Each structure stands twice: as C-alpha cells, then as structure tokens.
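*Asks:* Sharing start-v2.pdb, PDB, N, CA and C atoms:
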```
ATOM      1  N   MET A 216    -103.388  12.775  -6.300
ATOM      2  CA  MET A 216    -103.502  12.565  -7.727
ATOM      3  C   MET A 216    -102.200  11.945  -8.235
ATOM      4  N   THR A 217    -102.310  10.838  -8.979
ATOM      5  CA  THR A 217    -101.143  10.180  -9.537
ATOM      6  C   THR A 217    -101.044  10.479 -11.015
ATOM      7  N   THR A 218     -99.835  10.491 -11.506
ATOM      8  CA  THR A 218     -99.615  10.729 -12.929
ATOM      9  C   THR A 218     -99.017   9.480 -13.547
ATOM     10  N   ALA A 219     -99.301   9.285 -14.811
ATOM     11  CA  ALA A 219     -98.770   8.131 -15.529
ATOM     12  C   ALA A 219     -97.291   8.349 -15.795
ATOM     13  N   PRO A 220     -96.500   7.269 -15.776
ATOM     14  CA  PRO A 220     -95.068   7.423 -16.067
ATOM     15  C   PRO A 220     -94.857   7.888 -17.493
ATOM     16  N   SER A 221     -93.820   8.677 -17.704
ATOM     17  CA  SER A 221     -93.529   9.152 -19.048
ATOM     18  C   SER A 221     -92.153   8.667 -19.461
ATOM     19  N   GLY A 222     -91.907   8.659 -20.746
ATOM     20  CA  GLY A 222     -90.630   8.210 -21.266
ATOM     21  C   GLY A 222     -90.829   7.171 -22.342
ATOM     22  N   PRO A 223     -89.730   6.703 -22.935
ATOM     23  CA  PRO A 223     -89.848   5.765 -24.058
ATOM     24  C   PRO A 223     -90.392   4.396 -23.658
ATOM     25  N   LEU A 224     -90.247   3.979 -22.387
ATOM     26  CA  LEU A 224     -90.723   2.662 -21.965
ATOM     27  C   LEU A 224     -92.037   2.731 -21.191
ATOM     28  N   ALA A 225     -92.672   3.865 -21.168
ATOM     29  CA  ALA A 225     -93.866   4.047 -20.348
ATOM     30  C   ALA A 225     -95.031   3.172 -20.804
ATOM     31  N   HIS A 226     -95.211   3.008 -22.100
ATOM     32  CA  HIS A 226     -96.371   2.273 -22.610
ATOM     33  C   HIS A 226     -95.983   0.941 -23.254
ATOM     34  N   GLN A 227     -94.802   0.467 -22.996
ATOM     35  CA  GLN A 227     -94.351  -0.783 -23.592
ATOM     36  C   GLN A 227     -94.867  -1.953 -22.765
ATOM     37  N   GLN A 228     -95.481  -2.930 -23.444
ATOM     38  CA  GLN A 228     -95.962  -4.131 -22.774
ATOM     39  C   GLN A 228     -94.929  -5.242 -22.973
ATOM     40  N   ILE A 229     -94.638  -5.950 -21.887
ATOM     41  CA  ILE A 229     -93.659  -7.029 -21.934
ATOM     42  C   ILE A 229     -94.345  -8.319 -21.512
ATOM     43  N   ALA A 230     -94.203  -9.361 -22.306
ATOM     44  CA  ALA A 230     -94.819 -10.658 -21.999
ATOM     45  C   ALA A 230     -94.034 -11.355 -20.895
ATOM     46  N   LEU A 231     -94.715 -12.155 -20.105
ATOM     47  CA  LEU A 231     -94.092 -12.888 -19.017
ATOM     48  C   LEU A 231     -93.018 -13.841 -19.531
ATOM     49  N   VAL A 232     -93.234 -14.411 -20.705
ATOM     50  CA  VAL A 232     -92.260 -15.325 -21.303
ATOM     51  C   VAL A 232     -90.954 -14.588 -21.591
ATOM     52  N   ASP A 233     -91.040 -13.353 -22.053
ATOM     53  CA  ASP A 233     -89.838 -12.569 -22.327
ATOM     54  C   ASP A 233     -89.080 -12.259 -21.040
ATOM     55  N   VAL A 234     -89.787 -11.971 -19.969
ATOM     56  CA  VAL A 234     -89.150 -11.692 -18.684
ATOM     57  C   VAL A 234     -88.445 -12.944 -18.178
ATOM     58  N   LEU A 235     -89.110 -14.097 -18.246
ATOM     59  CA  LEU A 235     -88.495 -15.348 -17.805
ATOM     60  C   LEU A 235     -87.281 -15.705 -18.655
ATOM     61  N   ASP A 236     -87.363 -15.478 -19.958
ATOM     62  CA  ASP A 236     -86.243 -15.763 -20.843
ATOM     63  C   ASP A 236     -85.032 -14.913 -20.476
ATOM     64  N   ARG A 237     -85.247 -13.653 -20.192
ATOM     65  CA  ARG A 237     -84.140 -12.770 -19.825
ATOM     66  C   ARG A 237     -83.553 -13.149 -18.470
ATOM     67  N   LEU A 238     -84.407 -13.510 -17.513
ATOM     68  CA  LEU A 238     -83.916 -13.904 -16.194
ATOM     69  C   LEU A 238     -83.117 -15.196 -16.252
ATOM     70  N   LEU A 239     -83.606 -16.180 -17.001
ATOM     71  CA  LEU A 239     -82.912 -17.462 -17.085
ATOM     72  C   LEU A 239     -81.624 -17.367 -17.888
ATOM     73  N   ALA A 240     -81.551 -16.439 -18.822
ATOM     74  CA  ALA A 240     -80.322 -16.267 -19.598
ATOM     75  C   ALA A 240     -79.181 -15.821 -18.700
ATOM     76  N   GLY A 241     -79.476 -14.979 -17.724
ATOM     77  CA  GLY A 241     -78.441 -14.511 -16.823
ATOM     78  C   GLY A 241     -78.356 -15.317 -15.545
ATOM     79  N   GLY A 242     -79.434 -15.972 -15.165
ATOM     80  CA  GLY A 242     -79.480 -16.739 -13.934
ATOM     81  C   GLY A 242     -80.188 -15.964 -12.833
ATOM     82  N   VAL A 243     -80.827 -16.697 -11.952
ATOM     83  CA  VAL A 243     -81.563 -16.107 -10.848
ATOM     84  C   VAL A 243     -81.167 -16.839  -9.577
ATOM     85  N   VAL A 244     -80.894 -16.093  -8.520
ATOM     86  CA  VAL A 244     -80.584 -16.678  -7.227
ATOM     87  C   VAL A 244     -81.741 -16.374  -6.291
ATOM     88  N   ILE A 245     -82.281 -17.422  -5.674
ATOM     89  CA  ILE A 245     -83.390 -17.277  -4.729
ATOM     90  C   ILE A 245     -82.875 -17.677  -3.351
ATOM     91  N   THR A 246     -83.059 -16.799  -2.382
ATOM     92  CA  THR A 246     -82.671 -17.121  -1.011
ATOM     93  C   THR A 246     -83.824 -16.778  -0.081
ATOM     94  N   GLY A 247     -83.911 -17.525   0.992
ATOM     95  CA  GLY A 247     -84.968 -17.259   1.963
ATOM     96  C   GLY A 247     -84.721 -18.000   3.260
ATOM     97  N   ASP A 248     -85.293 -17.503   4.317
ATOM     98  CA  ASP A 248     -85.202 -18.113   5.639
ATOM     99  C   ASP A 248     -86.605 -18.204   6.224
ATOM    100  N   LEU A 249     -86.889 -19.327   6.846
ATOM    101  CA  LEU A 249     -88.177 -19.525   7.507
ATOM    102  C   LEU A 249     -87.906 -20.116   8.882
ATOM    103  N   THR A 250     -88.442 -19.484   9.911
ATOM    104  CA  THR A 250     -88.246 -19.963  11.280
ATOM    105  C   THR A 250     -89.598 -20.077  11.961
ATOM    106  N   LEU A 251     -89.873 -21.266  12.514
ATOM    107  CA  LEU A 251     -91.084 -21.493  13.292
ATOM    108  C   LEU A 251     -90.698 -21.337  14.761
ATOM    109  N   ARG A 252     -91.296 -20.353  15.427
ATOM    110  CA  ARG A 252     -90.906 -20.014  16.785
ATOM    111  C   ARG A 252     -92.154 -19.940  17.672
ATOM    112  N   ILE A 253     -92.063 -20.547  18.843
ATOM    113  CA  ILE A 253     -93.138 -20.464  19.847
ATOM    114  C   ILE A 253     -92.497 -20.027  21.158
ATOM    115  N   ALA A 254     -93.011 -18.968  21.737
ATOM    116  CA  ALA A 254     -92.540 -18.432  23.011
ATOM    117  C   ALA A 254     -91.032 -18.174  22.973
ATOM    118  N   ASP A 255     -90.580 -17.531  21.885
ATOM    119  CA  ASP A 255     -89.164 -17.197  21.684
ATOM    120  C   ASP A 255     -88.238 -18.407  21.702
ATOM    121  N   VAL A 256     -88.758 -19.580  21.331
ATOM    122  CA  VAL A 256     -87.948 -20.788  21.198
ATOM    123  C   VAL A 256     -88.040 -21.233  19.746
ATOM    124  N   ASP A 257     -86.893 -21.274  19.048
ATOM    125  CA  ASP A 257     -86.875 -21.711  17.657
ATOM    126  C   ASP A 257     -87.105 -23.211  17.600
ATOM    127  N   LEU A 258     -88.170 -23.619  16.914
ATOM    128  CA  LEU A 258     -88.476 -25.041  16.783
ATOM    129  C   LEU A 258     -87.994 -25.603  15.448
ATOM    130  N   VAL A 259     -88.221 -24.860  14.366
ATOM    131  CA  VAL A 259     -87.837 -25.321  13.030
ATOM    132  C   VAL A 259     -87.228 -24.142  12.290
ATOM    133  N   ARG A 260     -86.101 -24.387  11.646
ATOM    134  CA  ARG A 260     -85.486 -23.356  10.811
ATOM    135  C   ARG A 260     -85.157 -23.956   9.458
ATOM    136  N   ILE A 261     -85.589 -23.281   8.401
ATOM    137  CA  ILE A 261     -85.349 -23.741   7.035
ATOM    138  C   ILE A 261     -84.646 -22.620   6.285
ATOM    139  N   ASP A 262     -83.494 -22.927   5.696
ATOM    140  CA  ASP A 262     -82.756 -21.989   4.852
ATOM    141  C   ASP A 262     -82.843 -22.474   3.412
ATOM    142  N   LEU A 263     -83.174 -21.571   2.507
ATOM    143  CA  LEU A 263     -83.307 -21.912   1.093
ATOM    144  C   LEU A 263     -82.322 -21.083   0.288
ATOM    145  N   ARG A 264     -81.541 -21.763  -0.521
ATOM    146  CA  ARG A 264     -80.654 -21.106  -1.475
ATOM    147  C   ARG A 264     -80.728 -21.897  -2.767
ATOM    148  N   ALA A 265     -81.181 -21.251  -3.823
ATOM    149  CA  ALA A 265     -81.342 -21.947  -5.096
ATOM    150  C   ALA A 265     -80.823 -21.072  -6.233
ATOM    151  N   LEU A 266     -80.171 -21.693  -7.194
ATOM    152  CA  LEU A 266     -79.723 -21.020  -8.400
ATOM    153  C   LEU A 266     -80.498 -21.607  -9.568
ATOM    154  N   ILE A 267     -81.173 -20.743 -10.298
ATOM    155  CA  ILE A 267     -81.951 -21.181 -11.456
ATOM    156  C   ILE A 267     -81.325 -20.530 -12.683
ATOM    157  N   SER A 268     -80.923 -21.349 -13.640
ATOM    158  CA  SER A 268     -80.260 -20.844 -14.824
ATOM    159  C   SER A 268     -80.568 -21.754 -16.008
ATOM    160  N   SER A 269     -80.440 -21.216 -17.194
ATOM    161  CA  SER A 269     -80.643 -22.036 -18.385
ATOM    162  C   SER A 269     -79.378 -22.827 -18.668
ATOM    163  N   VAL A 270     -79.505 -23.895 -19.430
ATOM    164  CA  VAL A 270     -78.376 -24.752 -19.788
ATOM    165  C   VAL A 270     -78.167 -24.620 -21.288
ATOM    166  N   ASN A 271     -76.914 -24.337 -21.680
ATOM    167  CA  ASN A 271     -76.587 -24.255 -23.101
ATOM    168  C   ASN A 271     -75.198 -24.834 -23.320
ATOM    169  N   ALA A 272     -74.638 -24.641 -24.499
ATOM    170  CA  ALA A 272     -73.326 -25.226 -24.811
ATOM    171  C   ALA A 272     -72.224 -24.628 -23.942
ATOM    172  N   ASN A 273     -72.344 -23.361 -23.579
ATOM    173  CA  ASN A 273     -71.324 -22.718 -22.742
ATOM    174  C   ASN A 273     -71.428 -23.159 -21.283
ATOM    175  N   VAL A 274     -72.638 -23.470 -20.843
ATOM    176  CA  VAL A 274     -72.873 -23.911 -19.465
ATOM    177  C   VAL A 274     -73.608 -25.241 -19.536
ATOM    178  N   PRO A 275     -72.886 -26.351 -19.604
ATOM    179  CA  PRO A 275     -73.555 -27.652 -19.747
ATOM    180  C   PRO A 275     -74.262 -28.084 -18.471
ATOM    181  N   SER A 276     -75.153 -29.011 -18.611
ATOM    182  CA  SER A 276     -75.898 -29.548 -17.474
ATOM    183  C   SER A 276     -74.957 -30.315 -16.553
ATOM    184  N   PRO A 277     -75.085 -30.163 -15.228
ATOM    185  CA  PRO A 277     -74.218 -30.905 -14.325
ATOM    186  C   PRO A 277     -74.573 -32.391 -14.252
ATOM    187  N   TRP A 278     -75.703 -32.794 -14.795
ATOM    188  CA  TRP A 278     -76.142 -34.187 -14.713
ATOM    189  C   TRP A 278     -75.799 -35.001 -15.946
ATOM    190  N   GLU A 279     -75.213 -34.381 -16.954
ATOM    191  CA  GLU A 279     -74.828 -35.114 -18.164
ATOM    192  C   GLU A 279     -73.571 -35.939 -17.886
ATOM    193  N   GLU A 280     -73.511 -37.105 -18.526
ATOM    194  CA  GLU A 280     -72.304 -37.913 -18.421
ATOM    195  C   GLU A 280     -71.288 -37.431 -19.443
ATOM    196  N   PRO A 281     -69.990 -37.423 -19.095
ATOM    197  CA  PRO A 281     -68.968 -36.904 -20.041
ATOM    198  C   PRO A 281     -68.826 -37.764 -21.269
TER     199      PRO A 281
END
```
Take the structure from the file and write it as structure tokens.

*Replies:*
Amino acid sequence: MTTAPSGPLAHQQIALVDVLDRLLAGGVVITGDLTLRIADVDLVRIDLRALISSVNANVPSPWEEP
C-alpha cells in the first residue's frame, strides 16, 4: 500500500515551461557516453558534453560581434 506525499508541496502542480525556465536560468550540463562494441572490441565511441544556458545582458551570446 502506497501513501500520497504530504507537506506544503505535495499537491502543487508545476508547468513544464516553469521547469525549463528555472533550468535555463541556472544552466544545464548534459554529459553522456555511447560505445558500440562487438565481441569486446570497441568500434565506435561517442562522448557528449553540452552546456545549455539562457543568454542575457550578464551572459552575452558568444556569437555576437563586439
């Protein structure tokens, strides 16, 4: 038998847009590794590292010309 969570945030609904806004305000780092292996021989290895962040006056876009 499971019980519902209790507390002040138990029944609060949060929109996906609000979650994305909060994540982009602080920045998100995505990392991952993918390896294609056959018979214990690595054939393809892909490493992913990405930083996703919003751009504002304090953090200007790196692609803007000065």

*Asks:* Which polymer residues have any atom within 5 Å of an atom of segment 260-274 of chain A, counting only N, CA and C atoms, with same-chain residues fewer than 4 positions away left out, as number ranges by chain?

*Replies:* A: 239, 242-251

*Asks:* In Å to one decimal, how far is atom CA of Gln227 of chain A from atom CA of Ala240 of chain A?

*Replies:*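 Pair atom CA of Ala240 of chain A / atom CA of Gln227 of chain A returns 21.3 Å.
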
*Asks:* Can you work out the spacing between atom CA of Trp278 of chain A and atom CA of Leu231 of chain A in Å, to one decimal?

*Replies:* 28.2 Å

*Asks:* Which of segment 224-268 of chain A counts as helix (DSSP H, G or I) under DSSP, as a PyMOL selection string please?

*Replies:* chain A and resi 231-241
